[in-house]
file input_20.pdb (PDB, C-alpha atoms)
ATOM      1  CA  MET A 846     -73.358  -4.542 -64.789  1.00  0.00           C
ATOM      2  CA  THR A 847     -73.146  -8.194 -64.165  1.00  0.00           C
ATOM      3  CA  LEU A 848     -74.635  -9.921 -61.190  1.00  0.00           C
ATOM      4  CA  ALA A 849     -71.184 -10.639 -59.678  1.00  0.00           C
ATOM      5  CA  THR A 850     -70.175  -6.970 -59.984  1.00  0.00           C
ATOM      6  CA  LYS A 851     -73.401  -5.829 -58.320  1.00  0.00           C
ATOM      7  CA  TYR A 852     -72.866  -8.375 -55.556  1.00  0.00           C
ATOM      8  CA  LEU A 853     -69.258  -7.209 -54.924  1.00  0.00           C
ATOM      9  CA  PHE A 854     -70.331  -3.564 -54.985  1.00  0.00           C
ATOM     10  CA  PHE A 855     -73.068  -4.298 -52.443  1.00  0.00           C
ATOM     11  CA  ILE A 856     -70.628  -6.157 -50.166  1.00  0.00           C
ATOM     12  CA  PHE A 857     -68.099  -3.299 -50.413  1.00  0.00           C
ATOM     13  CA  LEU A 858     -70.789  -0.726 -49.612  1.00  0.00           C
ATOM     14  CA  LEU A 859     -72.030  -2.771 -46.663  1.00  0.00           C
ATOM     15  CA  PHE A 860     -68.555  -3.108 -45.134  1.00  0.00           C
ATOM     16  CA  SER A 861     -67.790   0.576 -45.602  1.00  0.00           C
ATOM     17  CA  LEU A 862     -71.014   1.554 -43.825  1.00  0.00           C
ATOM     18  CA  ILE A 863     -70.327  -0.849 -40.978  1.00  0.00           C
ATOM     19  CA  GLY A 864     -66.963   0.863 -40.435  1.00  0.00           C
ATOM     20  CA  CYS A 865     -68.708   4.221 -40.071  1.00  0.00           C
ATOM     21  CA  GLY A 866     -70.900   2.952 -37.291  1.00  0.00           C
ATOM     22  CA  ALA A 867     -68.149   1.903 -34.890  1.00  0.00           C
ATOM     23  CA  HIS A 868     -68.752   2.843 -31.287  1.00  0.00           C
ATOM     24  CA  SER A 869     -66.189   3.313 -28.562  1.00  0.00           C
ATOM     25  CA  HIS A 870     -66.172   1.183 -25.461  1.00  0.00           C
ATOM     26  CA  TYR A 871     -65.611   4.384 -23.493  1.00  0.00           C
ATOM     27  CA  ASN A 872     -67.285   7.744 -23.184  1.00  0.00           C
ATOM     28  CA  TRP A 873     -64.408  10.116 -23.949  1.00  0.00           C
ATOM     29  CA  SER A 874     -66.643  13.227 -24.301  1.00  0.00           C
ATOM     30  CA  ASN A 875     -64.049  15.111 -26.394  1.00  0.00           C
ATOM     31  CA  TYR A 876     -61.356  14.632 -23.756  1.00  0.00           C
ATOM     32  CA  ASP A 877     -58.579  15.180 -26.290  1.00  0.00           C
ATOM     33  CA  THR A 878     -59.983  18.557 -27.315  1.00  0.00           C
ATOM     34  CA  LYS A 879     -60.438  19.619 -23.699  1.00  0.00           C
ATOM     35  CA  MET A 880     -56.894  18.529 -22.818  1.00  0.00           C
ATOM     36  CA  TYR A 881     -55.511  20.436 -25.814  1.00  0.00           C
ATOM     37  CA  GLN A 882     -57.402  23.573 -24.774  1.00  0.00           C
ATOM     38  CA  HIS A 883     -56.035  23.208 -21.242  1.00  0.00           C
ATOM     39  CA  TYR A 884     -52.450  22.952 -22.518  1.00  0.00           C
ATOM     40  CA  LYS A 885     -53.057  25.881 -24.838  1.00  0.00           C
ATOM     41  CA  ASN A 886     -54.643  28.065 -22.116  1.00  0.00           C
ATOM     42  CA  PRO A 887     -53.476  26.898 -18.670  1.00  0.00           C
ATOM     43  CA  ALA A 888     -55.150  29.917 -17.063  1.00  0.00           C
ATOM     44  CA  GLU A 889     -58.515  28.318 -17.854  1.00  0.00           C
ATOM     45  CA  ARG A 890     -57.832  25.469 -15.456  1.00  0.00           C
ATOM     46  CA  ASP A 891     -61.254  25.620 -13.809  1.00  0.00           C
ATOM     47  CA  GLU A 892     -62.941  24.840 -17.134  1.00  0.00           C
ATOM     48  CA  PHE A 893     -60.678  21.815 -17.603  1.00  0.00           C
ATOM     49  CA  VAL A 894     -61.407  20.541 -14.093  1.00  0.00           C
ATOM     50  CA  GLN A 895     -65.130  20.939 -14.730  1.00  0.00           C
ATOM     51  CA  ALA A 896     -64.767  19.140 -18.065  1.00  0.00           C
ATOM     52  CA  LEU A 897     -63.078  16.192 -16.317  1.00  0.00           C
ATOM     53  CA  LYS A 898     -65.872  16.109 -13.743  1.00  0.00           C
ATOM     54  CA  ASP A 899     -68.453  16.176 -16.550  1.00  0.00           C
ATOM     55  CA  ILE A 900     -66.730  13.265 -18.306  1.00  0.00           C
ATOM     56  CA  LEU A 901     -66.855  11.271 -15.079  1.00  0.00           C
ATOM     57  CA  ASP A 902     -70.472  12.211 -14.390  1.00  0.00           C
ATOM     58  CA  ASN A 903     -71.515  11.105 -17.883  1.00  0.00           C
ATOM     59  CA  ALA A 904     -69.387   7.965 -18.127  1.00  0.00           C
ATOM     60  CA  GLU A 905     -69.764   6.451 -14.644  1.00  0.00           C
ATOM     61  CA  PRO A 906     -73.474   5.563 -14.888  1.00  0.00           C
ATOM     62  CA  GLU A 907     -72.788   3.738 -18.166  1.00  0.00           C
ATOM     63  CA  GLY A 908     -69.650   2.061 -16.804  1.00  0.00           C
ATOM     64  CA  LYS A 909     -67.670   3.565 -19.688  1.00  0.00           C
ATOM     65  CA  VAL A 910     -65.025   5.597 -17.867  1.00  0.00           C
ATOM     66  CA  PRO A 911     -61.969   5.779 -20.136  1.00  0.00           C
ATOM     67  CA  PRO A 912     -58.558   4.697 -18.898  1.00  0.00           C
ATOM     68  CA  GLY A 913     -56.671   7.431 -17.093  1.00  0.00           C
ATOM     69  CA  ILE A 914     -59.607   9.756 -16.418  1.00  0.00           C
ATOM     70  CA  TYR A 915     -59.913   8.784 -12.750  1.00  0.00           C
ATOM     71  CA  ALA A 916     -56.164   9.274 -12.370  1.00  0.00           C
ATOM     72  CA  GLU A 917     -56.252  12.618 -14.180  1.00  0.00           C
ATOM     73  CA  TYR A 918     -59.050  13.896 -11.954  1.00  0.00           C
ATOM     74  CA  GLY A 919     -57.307  12.496  -8.874  1.00  0.00           C
ATOM     75  CA  PHE A 920     -54.148  14.370  -9.805  1.00  0.00           C
ATOM     76  CA  VAL A 921     -56.152  17.582 -10.180  1.00  0.00           C
ATOM     77  CA  MET A 922     -57.526  17.002  -6.684  1.00  0.00           C
ATOM     78  CA  TYR A 923     -53.972  16.392  -5.435  1.00  0.00           C
ATOM     79  CA  GLU A 924     -52.773  19.664  -6.970  1.00  0.00           C
ATOM     80  CA  GLN A 925     -55.654  21.491  -5.301  1.00  0.00           C
ATOM     81  CA  GLY A 926     -54.685  20.017  -1.932  1.00  0.00           C
ATOM     82  CA  ASN A 927     -57.745  17.775  -1.646  1.00  0.00           C
ATOM     83  CA  ASN A 928     -55.855  14.676  -0.509  1.00  0.00           C
ATOM     84  CA  GLN A 929     -58.884  12.527   0.370  1.00  0.00           C
ATOM     85  CA  GLN A 930     -60.486  12.994  -3.044  1.00  0.00           C
ATOM     86  CA  ALA A 931     -57.142  12.369  -4.753  1.00  0.00           C
ATOM     87  CA  VAL A 932     -56.738   9.028  -2.991  1.00  0.00           C
ATOM     88  CA  LEU A 933     -60.353   8.103  -3.769  1.00  0.00           C
ATOM     89  CA  TYR A 934     -59.906   8.663  -7.500  1.00  0.00           C
ATOM     90  CA  PHE A 935     -56.494   6.962  -7.587  1.00  0.00           C
ATOM     91  CA  GLN A 936     -58.135   3.944  -5.940  1.00  0.00           C
ATOM     92  CA  LYS A 937     -60.956   3.995  -8.493  1.00  0.00           C
ATOM     93  CA  GLU A 938     -58.385   4.029 -11.303  1.00  0.00           C
ATOM     94  CA  ALA A 939     -56.548   1.080  -9.769  1.00  0.00           C
ATOM     95  CA  GLU A 940     -59.785  -0.896  -9.369  1.00  0.00           C
ATOM     96  CA  LYS A 941     -61.028  -0.188 -12.894  1.00  0.00           C
ATOM     97  CA  TRP A 942     -57.636  -0.643 -14.589  1.00  0.00           C
ATOM     98  CA  PRO A 943     -55.543  -3.288 -12.776  1.00  0.00           C
ATOM     99  CA  GLU A 944     -52.494  -2.583 -14.926  1.00  0.00           C
ATOM    100  CA  SER A 945     -52.264   0.849 -13.288  1.00  0.00           C
ATOM    101  CA  ARG A 946     -52.186  -0.460  -9.700  1.00  0.00           C
ATOM    102  CA  ALA A 947     -48.426  -0.068  -9.193  1.00  0.00           C
ATOM    103  CA  PHE A 948     -48.451   3.525 -10.420  1.00  0.00           C
ATOM    104  CA  MET A 949     -51.592   4.385  -8.456  1.00  0.00           C
ATOM    105  CA  ALA A 950     -50.034   2.887  -5.305  1.00  0.00           C
ATOM    106  CA  LYS A 951     -47.050   5.214  -5.735  1.00  0.00           C
ATOM    107  CA  LEU A 952     -49.325   8.213  -6.231  1.00  0.00           C
ATOM    108  CA  ILE A 953     -51.342   7.268  -3.143  1.00  0.00           C
ATOM    109  CA  ALA A 954     -48.081   6.972  -1.164  1.00  0.00           C
ATOM    110  CA  ASN A 955     -47.087  10.461  -2.378  1.00  0.00           C
ATOM    111  CA  VAL A 956     -50.436  11.862  -1.268  1.00  0.00           C
ATOM    112  CA  ASN A 957     -50.093  10.223   2.148  1.00  0.00           C
ATOM    113  CA  ASN A 958     -46.518  11.532   2.521  1.00  0.00           C
ATOM    114  CA  ARG A 959     -47.651  15.032   1.681  1.00  0.00           C
ATOM    115  CA  ALA A 960     -50.508  14.802   4.165  1.00  0.00           C
ATOM    116  CA  ARG A 961     -48.095  13.583   6.864  1.00  0.00           C
ATOM    117  CA  ASN A 962     -45.660  16.408   6.090  1.00  0.00           C
ATOM    118  CA  GLN A 963     -48.452  18.965   6.206  1.00  0.00           C
ATOM    119  CA  LYS A 964     -49.528  17.681   9.617  1.00  0.00           C
ATOM    120  CA  ALA A 965     -45.937  17.815  10.872  1.00  0.00           C
ATOM    121  CA  ASN A 966     -45.540  21.387   9.628  1.00  0.00           C
ATOM    122  CA  VAL A 967     -48.770  22.453  11.315  1.00  0.00           C
ATOM    123  CA  GLN A 968     -47.796  20.831  14.617  1.00  0.00           C
ATOM    124  CA  SER A 969     -44.281  22.285  14.742  1.00  0.00           C
ATOM    125  CA  PRO A 970     -44.109  25.747  16.294  1.00  0.00           C
ATOM    126  CA  VAL A 971     -43.187  28.636  14.061  1.00  0.00           C
ATOM    127  CA  GLY A 972     -41.807  31.928  15.257  1.00  0.00           C
ATOM    128  CA  PRO A 973     -38.814  33.521  16.936  1.00  0.00           C
ATOM    129  CA  ASP A 974     -39.194  31.452  20.124  1.00  0.00           C
ATOM    130  CA  ALA A 975     -39.517  28.121  18.306  1.00  0.00           C
ATOM    131  CA  ASP A 976     -35.781  27.401  18.468  1.00  0.00           C
ATOM    132  CA  ALA A 977     -35.199  28.930  21.936  1.00  0.00           C
ATOM    133  CA  GLY A 978     -34.721  25.624  23.762  1.00  0.00           C
ATOM    134  CA  LYS A 979     -32.618  23.929  21.100  1.00  0.00           C
ATOM    135  CA  THR A 980     -28.852  23.876  21.063  1.00  0.00           C
ATOM    136  CA  VAL A 981     -27.131  24.149  17.737  1.00  0.00           C
ATOM    137  CA  PRO A 982     -23.768  22.383  17.389  1.00  0.00           C
ATOM    138  CA  LYS A 983     -20.922  24.674  16.442  1.00  0.00           C
ATOM    139  CA  PRO A 984     -18.953  23.855  13.336  1.00  0.00           C
ATOM    140  CA  SER A 985     -15.698  22.149  14.152  1.00  0.00           C
ATOM    141  CA  ALA A 986     -12.368  23.114  12.682  1.00  0.00           C
ATOM    142  CA  GLU A 987     -11.387  19.462  12.640  1.00  0.00           C
ATOM    143  CA  VAL A 988     -12.443  17.230   9.849  1.00  0.00           C
ATOM    144  CA  SER A 989     -13.689  13.894  11.085  1.00  0.00           C
ATOM    145  CA  LYS A 990     -11.938  10.875   9.615  1.00  0.00           C
TER     146      LYS A 990
END

call {"tool": "encode", "arguments": {"input": "input_20.pdb", "output": "structure tokens"}}
result
Amino acid sequence: MTLATKYLFFIFLLFSLIGCGAHSHYNWSNYDTKMYQHYKNPAERDEFVQALKDILDNAEPEGKVPPGIYAEYGFVMYEQGNNQQAVLYFQKEAEKWPESRAFMAKLIANVNNRARNQKANVQSPVGPDADAGKTVPKPSAEVSK
């Protein structure tokens, strides 16, 4: 082997080893596998929620929370009816990833609308006497023009 061939082989080997050592800027913690398992077995939702929480617990101290994880966990909180936690995680997503602010603002508005509707439903009386004082207009035979 000539000196030039050895030199090229060494350079090729060095670059191939450097490619193997690439590190992510984020701590994904096998998120894709966990998401796939959740889609495959939706009944195991609690394990998926715990996996998301574990990803956040591991990635937050390092400042390596991947894009979308705060939003994903916030949406889980929203589905569980935990509106305050949902808004908190949507806000964290918007702060960490400015390009998601418009979408997170819409999700926060949805959470607030749901909370308002829930309050309105709780405050309105329910039962046979709830409509006792209200008058209901009778349908008219005439069609208004």

call {"tool": "closest_residue", "arguments": {"input": "input_20.pdb", "among": "A:Met880, A:Ala965, A:Val956, A:Leu901", "to": "Gly926 in chain A", "atoms": "all atoms listed in the file"}}
result
A:Val956

call {"tool": "closest_residue", "arguments": {"input": "input_20.pdb", "among": "A:Leu933, A:Ala904, A:Ala849, A:Ala916", "to": "Phe948 in chain A", "atoms": "only C-alpha atoms"}}
result
A:Ala916

call {"tool": "closest_atom_pairs", "arguments": {"input": "input_20.pdb", "of": "range 858-936 of chain A", "to": "range 957-961 of chain A", "cutoff": "12 Å", "atoms": "all atoms listed in the file", "output": "CSV"}}
result
residue,atom,partner,partner_atom,distance
A:Tyr923,CA,A:Arg959,CA,9.6
A:Glu924,CA,A:Arg959,CA,11.1
A:Gly926,CA,A:Ala960,CA,9.0
A:Asn927,CA,A:Ala960,CA,9.7
A:Asn928,CA,A:Ala960,CA,7.1
A:Gln929,CA,A:Asn957,CA,9.3
A:Gln930,CA,A:Asn957,CA,11.9
A:Ala931,CA,A:Asn957,CA,10.1
A:Val932,CA,A:Asn957,CA,8.5

call {"tool": "write_last_selection", "arguments": {"input": "input_20.pdb", "atoms": "C-alpha atoms", "output": "mmCIF file, keeping the file's coordinate frame"}}
result
data_model
loop_
_atom_site.group_PDB
_atom_site.id
_atom_site.type_symbol
_atom_site.label_atom_id
_atom_site.label_comp_id
_atom_site.auth_asym_id
_atom_site.auth_seq_id
_atom_site.Cartn_x
_atom_site.Cartn_y
_atom_site.Cartn_z
ATOM 1 C CA TYR A 923 -53.972 16.392 -5.435
ATOM 2 C CA GLU A 924 -52.773 19.664 -6.970
ATOM 3 C CA GLY A 926 -54.685 20.017 -1.932
ATOM 4 C CA ASN A 927 -57.745 17.775 -1.646
ATOM 5 C CA ASN A 928 -55.855 14.676 -0.509
ATOM 6 C CA GLN A 929 -58.884 12.527 0.370
ATOM 7 C CA GLN A 930 -60.486 12.994 -3.044
ATOM 8 C CA ALA A 931 -57.142 12.369 -4.753
ATOM 9 C CA VAL A 932 -56.738 9.028 -2.991
#

call {"tool": "residues_around", "arguments": {"input": "input_20.pdb", "residues": "Glu944 in chain A", "least_positions_apart": "5", "cutoff": "12 Å", "atoms": "all atoms listed in the file", "output": "PyMOL selection string"}}
result
chain A and resi 912-913+938-939+949-950

call {"tool": "atom_distance", "arguments": {"input": "input_20.pdb", "atom1": "CA of Asp899 in chain A", "atom2": "CA of Ser874 in chain A"}}
result
8.5 Å

call {"tool": "residues_around", "arguments": {"input": "input_20.pdb", "residues": "Phe920 in chain A", "least_positions_apart": "6", "cutoff": "9 Å", "atoms": "all atoms listed in the file", "output": "ChimeraX atom specification"}}
result
/A:931,934-935,952

call {"tool": "residues_around", "arguments": {"input": "input_20.pdb", "residues": "Pro911 in chain A", "least_positions_apart": "3", "cutoff": "10 Å", "atoms": "only C-alpha atoms", "output": "PDB file with C-alpha atoms, in the coordinates of the input"}}
result
ATOM      1  CA  SER A 869     -66.189   3.313 -28.562  1.00  0.00           C
ATOM      2  CA  HIS A 870     -66.172   1.183 -25.461  1.00  0.00           C
ATOM      3  CA  TYR A 871     -65.611   4.384 -23.493  1.00  0.00           C
ATOM      4  CA  ASN A 872     -67.285   7.744 -23.184  1.00  0.00           C
ATOM      5  CA  TRP A 873     -64.408  10.116 -23.949  1.00  0.00           C
ATOM      6  CA  SER A 874     -66.643  13.227 -24.301  1.00  0.00           C
ATOM      7  CA  TYR A 876     -61.356  14.632 -23.756  1.00  0.00           C
ATOM      8  CA  ILE A 900     -66.730  13.265 -18.306  1.00  0.00           C
ATOM      9  CA  LEU A 901     -66.855  11.271 -15.079  1.00  0.00           C
ATOM     10  CA  ALA A 904     -69.387   7.965 -18.127  1.00  0.00           C
ATOM     11  CA  GLU A 905     -69.764   6.451 -14.644  1.00  0.00           C
ATOM     12  CA  GLY A 908     -69.650   2.061 -16.804  1.00  0.00           C
ATOM     13  CA  ILE A 914     -59.607   9.756 -16.418  1.00  0.00           C
ATOM     14  CA  TYR A 915     -59.913   8.784 -12.750  1.00  0.00           C
ATOM     15  CA  GLU A 938     -58.385   4.029 -11.303  1.00  0.00           C
ATOM     16  CA  LYS A 941     -61.028  -0.188 -12.894  1.00  0.00           C
ATOM     17  CA  TRP A 942     -57.636  -0.643 -14.589  1.00  0.00           C
TER      18      TRP A 942
END

call {"tool": "atom_distance", "arguments": {"input": "input_20.pdb", "atom1": "CA of Met922 in chain A", "atom2": "CA of Val894 in chain A"}}
result
9.1 Å
